[in-house]
Structure formats: structure tokens, C-alpha cells
Amino acid sequence: MIVRRYANSHLSSVRAFSSTFQRNATWGFVGLGQMGYQMAKNLRAKIPAEDTLIVRDVNEEAVRSFVTEAREATHSTSAGITRVEVAKNAREVAEKSTVMITSLPEPQHVIDVYQSILKGGELPALDQERLFIDTSTIDPDTSKGIANEIHTIQAGQFVDAPVSGGVVGARAGTLSFMFGAFSESDQLIERIRGILSFMGKKAWYLGEPGSGVSGKLANNYMLAINNIATAEAMNLGMRLGLKPTALAELINSSTGRCWPSEVNNPVPGVVETAPASRGYEGGFGVGLMKKDLRLALAAAEQSGTSLALGIKAGEVYNAVEAEYRGKDFSIVYKWLHDKSQ
């Protein structure tokens, strides 16, 4: 059973991996949500055409849509047969895949998927050791526990590799990954980076298991605060008579510059590609931001770390989600704007 604890140890004997990819390989992807769907599309587009991608999601409509899109993309480019299979469960994905990637909403979903894989007994042997790459944002203890379990039974290597960049980055293939793994082997790290490059632009190796999600929680804590600050600053400046585009240009050329102001500006019309300009749809859901903040606060409490703004930010996101469930988290601006009337 996967538990939420981890015994710290430095492992000296870890098998080395080739940084090259095998031909006619099978890749697995579990979790076709807003992020996972786009990541899996980029993965299928960039791995060799003769390779197979096997997918799994509890949402059958998402699976059907993914397979249809993959076939249409092949037809439009005359690239030959696109090798996409649908698995009945996560265990089947793991059995068939050399690399299995997971993208899931909550820690319990990650636990359930990996328990379903591991309780089935020994996985089939492969020429190259199996990699499990979890891109979910979960708590460090859960991630460490899964990594320890997989390593103990020698089922492969577990890599925690949460992402930054949101749905926009997932769609464009410009995501940033931060990852942790047992081995510091250059071959393994480069193998992981090569895989992640199919779905993003940057990948930072941060250390042992759990370090990837630890880095992500620190980053997203900052994002949660910056998003509220940007919404408040834009609302304040506009109520003082400033035009939103002029104010945003000033901020983005000055010390207030940040991702929520420059890329994901919360005021409709300021950034055409931002969710705010399309009804706050298709971005990083406010519920996911609330979840990440909750995990960061829990990690802070566990580590005895003081976060002066965390609790208040949590109250803001709780109120915003209650009113605008499912919308991009930049809708904090509309919530503040409406309160200012």
C-alpha cells in the first residue's frame, strides 16, 4: 500500500539508463484533463511516428475526442497511421509502456492510480527500465511514498515532475517542468529531460523524490499571491481613471511585472490570448489554484514555515470559487471589481 511517508536514504546502486529512445516504443498517458489532454497531444505529435501511445482516462468522451483528433491530424498531414490505443485501466498502460506519464487532479487520484498498478503484481520486464513520470501537483509526502514503493519492489523509476505554464503552455508545448528522482545519474536525468521536452521547453532537476512537487508548491504559492496582487492593482488603477492597457504596459515595464500581469492579465481585452478575454474560460481553474495553495499551506505547516499572506489568500480563493467555479483563477479581478461597486 502507498503511504504518505518516506524514509530518507541515499541510494548508491541505481541502474544507469540510456538517454536515447528505443524504436517502436510504447508510451503511456493517464489523465486527459485540460492539462493532460494537451500534453498528450504534443507527446503523440513529437514521438516517432512508428511509436505507440496508449491512453487512459475515466472520462470516455475525452478519450474518444483524443483518438479522433489524433487520426484527423494524421489524415491532414499524410503522416501514415497514427498509433494510438485505449487502455481499459492504468495497469494495462503500465504493462505496455516503457514510459508512463500521469496528469491527475488530486493526491488521492494519484494514489489510486499507482495502487491499481502495483497491486497487480510484478510488471512485465522491458529492455529499458520503466519510467513513471507524474506531472500532477500533489503533496511531497504522497509523492515520496509512491517513489519509495516503486523503487522498493524494483518496478521502475518514479519521477515527480509537476508543470508550470497552465493550459496555454500545455497547448503550445512551452511548459516548464521541475522534477525529482532517486538517481543523480546524468544518463537518467538527460533521459527524463528528453521525454519532458516533447511537452515543454524547460526542465529543472531539483534533487531527490519529492523535490519537484516541493518546488512547484513554492512557485504556485507565489503565483497565487501575485494573481491577487495583479487583480487588486489593475482594479485600483482603473478606478483611479487609468486605461487598463496603459496601466498594464506600465506594470509590465516596471517592478510590478509578473506572469499574471504580462501573460495572464485578469482584465478582459488587455491580453487577447488570456482567459480573461474569452470569458475566463480555458485557463487554470480557480479550484486548482485553491488546491495548490492548500497543499502549499499544509507543507508550510508541516515544515514549520511561516507564510504571512497564505491564509488570507486562501479565504479569497474560497470565496471566488464559490461564485465562479470552473473559471480561470484570474477571475479574482472580476470578483474584486464587483465588490468595489
# chains A, B, ... in the order shown; residues from 1 in each chain; ligands from 1

$ residues_around --residues "segment 315-330 of chain A" --least-positions-apart "4" --cutoff "6 Å" --atoms "only C-alpha atoms" --output "CSV table (one decimal) with N, CA, C and O atoms, in the first residue's frame"
chain,number,residue,atom,x,y,z
A,266,PRO,N,-5.7,39.8,-15.9
A,266,PRO,CA,-7.0,39.5,-15.5
A,266,PRO,C,-8.1,40.4,-16.0
A,266,PRO,O,-9.3,40.1,-15.9
A,280,TYR,N,-13.0,34.2,-19.2
A,280,TYR,CA,-12.3,33.5,-18.2
A,280,TYR,C,-12.4,31.9,-18.3
A,280,TYR,O,-12.4,31.2,-17.4
A,281,GLU,N,-12.5,31.5,-19.6
A,281,GLU,CA,-12.6,30.1,-19.9
A,281,GLU,C,-11.2,29.6,-20.4
A,281,GLU,O,-10.4,30.3,-21.0
A,283,GLY,N,-8.5,28.3,-18.9
A,283,GLY,CA,-7.2,28.6,-18.3
A,283,GLY,C,-7.0,27.6,-17.1
A,283,GLY,O,-7.5,26.5,-17.0
A,284,PHE,N,-6.3,28.2,-16.1
A,284,PHE,CA,-6.0,27.4,-14.9
A,284,PHE,C,-7.1,27.7,-13.9
A,284,PHE,O,-7.3,28.8,-13.3
A,285,GLY,N,-8.0,26.6,-13.7
A,285,GLY,CA,-9.2,26.8,-12.9
A,285,GLY,C,-8.9,27.3,-11.5
A,285,GLY,O,-7.9,26.9,-10.8
A,286,VAL,N,-9.8,28.1,-11.0
A,286,VAL,CA,-9.7,28.7,-9.6
A,286,VAL,C,-9.7,27.6,-8.6
A,286,VAL,O,-9.0,27.7,-7.6
A,290,LYS,N,-6.8,27.0,-5.8
A,290,LYS,CA,-7.2,26.8,-4.4
A,290,LYS,C,-6.5,25.5,-3.9
A,290,LYS,O,-6.0,25.5,-2.7

$ residues_around --residues "Ala45 of chain A" --least-positions-apart "5" --cutoff "9 Å" --atoms "only C-alpha atoms" --output "PyMOL selection string"
chain A and resi 40+70+73+198

$ write_last_selection --atoms "C-alpha atoms" --output "CSV table (one decimal), in the first residue's frame"
chain,number,residue,atom,x,y,z
A,40,ALA,CA,-0.6,14.0,-24.6
A,70,ALA,CA,-5.1,12.1,-33.5
A,73,ALA,CA,-4.1,15.2,-37.6
A,198,PHE,CA,8.2,16.6,-26.1

$ select_by_dssp --residues "segment 2-248 of chain A" --states "alpha helix (DSSP H)" --output "count of residues only"
115

$ residues_around --residues "Phe158 of chain A" --least-positions-apart "3" --cutoff "8 Å" --atoms "only C-alpha atoms" --output "mmCIF file with all heavy atoms, in the first residue's frame"
data_model
loop_
_atom_site.group_PDB
_atom_site.id
_atom_site.type_symbol
_atom_site.label_atom_id
_atom_site.label_comp_id
_atom_site.auth_asym_id
_atom_site.auth_seq_id
_atom_site.Cartn_x
_atom_site.Cartn_y
_atom_site.Cartn_z
ATOM 1 N N LEU A 131 9.885 3.987 -16.774
ATOM 2 C CA LEU A 131 9.796 5.275 -16.086
ATOM 3 C C LEU A 131 8.336 5.623 -15.839
ATOM 4 O O LEU A 131 7.501 5.540 -16.738
ATOM 5 C CB LEU A 131 10.421 6.393 -16.926
ATOM 6 C CG LEU A 131 11.930 6.531 -16.976
ATOM 7 C CD1 LEU A 131 12.301 7.789 -17.751
ATOM 8 C CD2 LEU A 131 12.541 6.574 -15.584
ATOM 9 N N PHE A 132 8.039 6.022 -14.610
ATOM 10 C CA PHE A 132 6.736 6.572 -14.258
ATOM 11 C C PHE A 132 6.950 8.057 -13.987
ATOM 12 O O PHE A 132 7.641 8.418 -13.035
ATOM 13 C CB PHE A 132 6.177 5.902 -13.005
ATOM 14 C CG PHE A 132 5.955 4.413 -13.135
ATOM 15 C CD1 PHE A 132 6.925 3.522 -12.702
ATOM 16 C CD2 PHE A 132 4.786 3.916 -13.670
ATOM 17 C CE1 PHE A 132 6.726 2.152 -12.800
ATOM 18 C CE2 PHE A 132 4.576 2.551 -13.780
ATOM 19 C CZ PHE A 132 5.550 1.661 -13.345
ATOM 20 N N ILE A 133 6.368 8.909 -14.807
ATOM 21 C CA ILE A 133 6.542 10.353 -14.650
ATOM 22 C C ILE A 133 5.204 10.966 -14.284
ATOM 23 O O ILE A 133 4.271 10.995 -15.086
ATOM 24 C CB ILE A 133 7.097 10.987 -15.940
ATOM 25 C CG1 ILE A 133 8.452 10.362 -16.293
ATOM 26 C CG2 ILE A 133 7.230 12.503 -15.775
ATOM 27 C CD1 ILE A 133 9.070 10.904 -17.569
ATOM 28 N N ASP A 134 5.109 11.451 -13.045
ATOM 29 C CA ASP A 134 3.860 12.047 -12.576
ATOM 30 C C ASP A 134 3.964 13.560 -12.657
ATOM 31 O O ASP A 134 4.775 14.182 -11.965
ATOM 32 C CB ASP A 134 3.573 11.617 -11.141
ATOM 33 C CG ASP A 134 2.258 12.194 -10.640
ATOM 34 O OD1 ASP A 134 1.286 12.213 -11.428
ATOM 35 O OD2 ASP A 134 2.210 12.639 -9.480
ATOM 36 N N ILE A 146 5.102 7.149 -2.986
ATOM 37 C CA ILE A 146 4.943 6.383 -4.220
ATOM 38 C C ILE A 146 6.314 6.038 -4.806
ATOM 39 O O ILE A 146 6.556 4.902 -5.238
ATOM 40 C CB ILE A 146 4.108 7.176 -5.247
ATOM 41 C CG1 ILE A 146 2.685 7.384 -4.725
ATOM 42 C CG2 ILE A 146 4.078 6.449 -6.599
ATOM 43 C CD1 ILE A 146 1.853 8.342 -5.554
ATOM 44 N N ALA A 147 7.215 7.009 -4.813
ATOM 45 C CA ALA A 147 8.564 6.761 -5.336
ATOM 46 C C ALA A 147 9.254 5.655 -4.552
ATOM 47 O O ALA A 147 9.895 4.768 -5.137
ATOM 48 C CB ALA A 147 9.388 8.053 -5.266
ATOM 49 N N ILE A 150 7.688 2.146 -5.426
ATOM 50 C CA ILE A 150 8.089 1.666 -6.746
ATOM 51 C C ILE A 150 9.545 1.221 -6.736
ATOM 52 O O ILE A 150 9.907 0.191 -7.316
ATOM 53 C CB ILE A 150 7.844 2.757 -7.811
ATOM 54 C CG1 ILE A 150 6.336 2.893 -8.056
ATOM 55 C CG2 ILE A 150 8.565 2.436 -9.122
ATOM 56 C CD1 ILE A 150 5.955 4.023 -8.976
ATOM 57 N N HIS A 151 10.388 1.976 -6.061
ATOM 58 C CA HIS A 151 11.805 1.610 -6.003
ATOM 59 C C HIS A 151 12.016 0.322 -5.199
ATOM 60 O O HIS A 151 12.803 -0.539 -5.595
ATOM 61 C CB HIS A 151 12.614 2.740 -5.375
ATOM 62 C CG HIS A 151 14.075 2.416 -5.255
ATOM 63 N ND1 HIS A 151 14.957 2.556 -6.302
ATOM 64 C CD2 HIS A 151 14.788 1.925 -4.222
ATOM 65 C CE1 HIS A 151 16.156 2.170 -5.923
ATOM 66 N NE2 HIS A 151 16.091 1.788 -4.663
ATOM 67 N N ALA A 181 14.050 12.791 -8.655
ATOM 68 C CA ALA A 181 14.219 11.358 -8.894
ATOM 69 C C ALA A 181 15.289 10.831 -7.953
ATOM 70 O O ALA A 181 16.104 11.593 -7.422
ATOM 71 C CB ALA A 181 14.614 11.096 -10.342
ATOM 72 N N PRO A 209 13.434 12.390 -4.783
ATOM 73 C CA PRO A 209 11.974 12.356 -4.926
ATOM 74 C C PRO A 209 11.273 13.332 -3.989
ATOM 75 O O PRO A 209 11.651 13.482 -2.827
ATOM 76 C CB PRO A 209 11.629 10.904 -4.578
ATOM 77 C CG PRO A 209 12.825 10.134 -5.003
ATOM 78 C CD PRO A 209 13.995 11.023 -4.653
#

$ closest_residue --among "A:Leu53, A:Leu336, A:Ile228, A:Leu104" --to "Leu309 of chain A" --atoms "only C-alpha atoms"
A:Ile228

$ atom_distance --atom1 "atom CA of Met39 of chain A" --atom2 "atom CA of Ala170 of chain A"
5.6 Å

$ atom_distance --atom1 "atom CA of Leu123 of chain A" --atom2 "atom CA of Ser136 of chain A"
22.7 Å

$ closest_residue --among "A:Asp112, A:Glu95, A:Glu61, A:Asp338" --to "Glu232 of chain A" --atoms "only C-alpha atoms"
A:Asp338

$ residues_around --residues "Glu60 of chain A" --least-positions-apart "5" --cutoff "10 Å" --atoms "only C-alpha atoms" --output "list in words"
Leu32, Ser65, Phe66 and Val86 of chain A
